[in-house]
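Below is one structure, written out as structure tokens; comments come after it.
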Amino acid sequence: MGLLSDPNRRKALINLLTRLNTPICMVCYIAAIIWFMGLAFEPFTLRTYMSENAMGSTMVEERFPAGERALSTAREFDAHKRKADGMPVDWLVKTMQARGLEVFTQSFSRLLPFPDENKERYMVRGTNVYGILRAPRAPRTEALVISAPCSPGNSNNQAVGLLLGLAQYFRNQVYWAKDIIFLVNEHDLIGMQAWLEGYHHTNITGMEYSPLQGRAGSIQAALSLELSSDVITSLDLILEGLNGQLPNLDLANLFHAFCQKLSVMCTIQGKLQRNDWDTTEGYTHAAQTMLLMVLKQASGRAWGDHGLFLRYHIEAASIRGINSFRHYKTDATTIGRLLEGMIRKLNNLLERLHQSYFFYLMPSLSRFVSIGYYMPAFGLLAVILLLRALDLWVHLGTADQAEVDGVGEVERSSSPGVLSLLTPVVISHLTGVALYLLPVQLQEMAVEHFPVSETEAVVLTAIAIYTAGLALPHNTQRLLSGEGTEQGWRVLKLIALLYLAVLLGCTALINFSLGFILAVTLVPIAACITPHMPKALSALAVILLSPGFTILYCVFIYQELIEAPVNMSEGWMLYLSVISQGILDHTLYGSLVYPLLALFIYPCWLMFWNILFWK
């Protein structure tokens with residue numbers, strides 16, 4: 001404090017920071033990348049541990065015996081699903097009632113803003129079926145949920161069969177202190193969204209659904225099952241939820257503990273855990289696993305039915321069966337015992353899961369990176385923006401002092417006007433509003449005039465608006481305000497730097513992965529851009545580091561990490577699909593990534609684009 005309160009020392013510190021501004025920024029950027037990649041090195045991570053005392057031990061005796069019967073029920077469910085050409089509602093109601101559950105149904109419908117070509121649907125109608133097992137030893141104020149989506153074709157039949165098998169077994173036990181809800185939802189996330197909104201008496205996405213006739217207590221935790229084969233070689237844990245939310249780490253620890261107890265092969269991001277962390281191959285494997293989690297979290301989409309529970313502060317995860325590791329095999333009985341053990345441990349909770357972490361990254365199921373370890377990597381990038389803003393502030397202050405001393409009449413005459421600064425800011429944000437609103441609203445007009453489908457019209461309109469925005473800000477500023485001043489672009493850049501720092505900081509606090517990816521690409525532009533740079537080369541670099549190209553890079557990196565590389569044409573089609581799914585996720589489930597990019601990040605990037613062409 002003494003250093004900052006002394007005017008002479010403060011001036012000396014500011015002079016030092018401005019003189020070494022560029023080297024410090026370069027060091028911070030390189031250090032941020034190295035810090036982030038070092039998080040995958042096992043000695044720099046923490047070993048997972050159970051924080052909740054009620055789940056601190058897996059000393060429960062799992063006795064689920066009906067694995068083969070569950071597979072038989074799955075085949076019966078598949079036959080009735082084929083016969084009904086969809087959800088066999090009547091059969092499910094009778095089967096759940098035969099197992100002693102209170103059974104209810106919920107119908108719902110949803111008109112999509114444009115057709116979802118990935119799943120070939122536009123007007124969605126369906127029915128959810130759920131049964132409630134009332135707690136015999138408690139006042140029924142709390143509940144747990146086990147769900148299995150009814151997927152088209154042969155997908156997920158085994159999950160529904162195992163869910164019904166667990167319901168029959170649980171009905172004969174007397175130690176339940178919480179209601180247990182067995183839910184079979186149709187149309188995956190849309191059905192789950194309708195059920196959750198009906199259960200909590202909300203309607204935040206415009207879904208049409210019938211009110212629930214039966215309810216249980218406040219939901220404490222939920223597990224979603226995805227099993228599509230009689231032979232399961234490993235179980236994959238899926239944690240990423242809507243808008244990058246993650247469940248309490250103790251839920252992942254509980255899954256890992258029971259997998260170890262029952263000798264079940266478990267994975268995360270579809271990758272097995274390795275113990276040779278001190279080798280190059282071991283580190284590369286951990287880094288790939290962590291990067292996959294970062295990319296999935298940054299997408300903001302729910303990667304399973306569990307992802308929608310997190311919005312309601314319900315800890316949830318999806319367990320997906322994988323049949324790709326030929327040397328291992330897990331039968332349905334063992335999977336049922338694992339789920340029974342997890343539900344029994346969750347049944348012991350006296351309060352919601354809260355003692356462990358909610359913000360973390362996982363390079364493996366046995367190691368994690370807490371928020372205190374990964375936020376410095378983002379902080380180093382944010383420091384660059386603040387240092388560049390400080391440098392501009394000092395230069396502007398020097399120019400003002402020159403005016404006061406009467407040194408420069410030219411400087412006084414070249415002071416930036418409000419209109420010259422306000423015009424590019426307003427036009428940039430109006431372009432962002434057009435990018436957010438017009439693609440869906442203009443789809444019918446585009447289909448009438450061009451030979452494209454509705455989905456293609458939405459995506460191509462978004463790309464067209466994004467591209468057209470490159471010509472608007474600097475041309476409009478030049479038209480309304482004439483030639484810009486030297487101080488004008490400095491003031492505009494100072495505003496843009498502080499604006500970007502606030503945007504990325506708020507984003508990183510909610511979704512670190514999204515904030516970090518955007519910072520890695522946008523910070524170099526923000527730090528280096530000036531009107532005096534070579535226009536052609538600089539414009540190419542700014543475009544290649546724009547938010548749109550960042551999404552394209554992430555598509556290719558994700559395909560490489562899941563070991564399914566694609567060529568340029570396939571990658572472009574995936575890129576278009578990602579854009580359409582992002583808009584759909586925002587409309588259907590409330591994902592915030594698309595409005596964040598369209599209304600804030602893209603306009604901020606346009607402000608730097610305007611600075612490059614400032615005259």
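In the structure tokens, chains take the letters A, B, ... in the order shown, each chain's residues start at 1, and ligands count up from 1 in the order shown.
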Residues near A:Ile219, cut-off 7 Å, only C-alpha atoms, skip fewer than 3 positions along chain, as a VMD selection string: chain A and resid 142 to 144 314
Distance query A:Pro43 at most 12 Å, only C-alpha atoms, self and fewer than 6 positions along chain excluded, as an MDAnalysis selection string: chainID A and resid 276:278 283 286 363 367:369
Which polymer residues have any atom within 8 Å of an atom of A:Asn156, counting only C-alpha atoms, with same-chain residues fewer than 2 positions away left out, as a PDB file with C-alpha atoms, in the first residue's frame?
ATOM      1  CA  ALA A 148     -33.740 -44.180 -18.686  1.00  0.00           C
ATOM      2  CA  PRO A 149     -34.611 -42.458 -21.982  1.00  0.00           C
ATOM      3  CA  CYS A 150     -36.760 -44.387 -24.450  1.00  0.00           C
ATOM      4  CA  SER A 151     -34.629 -44.010 -27.573  1.00  0.00           C
ATOM      5  CA  ASN A 154     -32.579 -50.735 -30.456  1.00  0.00           C
ATOM      6  CA  GLN A 158     -31.297 -52.690 -21.716  1.00  0.00           C
ATOM      7  CA  ALA A 159     -31.362 -49.529 -19.556  1.00  0.00           C
ATOM      8  CA  VAL A 160     -35.173 -49.651 -19.364  1.00  0.00           C
ATOM      9  CA  GLU A 226     -27.776 -45.452 -21.059  1.00  0.00           C
ATOM     10  CA  LEU A 227     -27.259 -49.139 -21.879  1.00  0.00           C
ATOM     11  CA  SER A 228     -27.711 -50.408 -25.437  1.00  0.00           C
ATOM     12  CA  SER A 229     -26.113 -53.848 -25.368  1.00  0.00           C
TER      13      SER A 229
END
Could you list, as a count of residues only, every residue within 7 Å of A:Val145, counting only C-alpha atoms and ignoring same-chain residues fewer than 3 positions away? 6
Nearest to A:Val523, restricted to only C-alpha atoms and choosing among A:Ala40, A:Leu386, A:Ser147, A:Ala536, comes out as A:Leu386
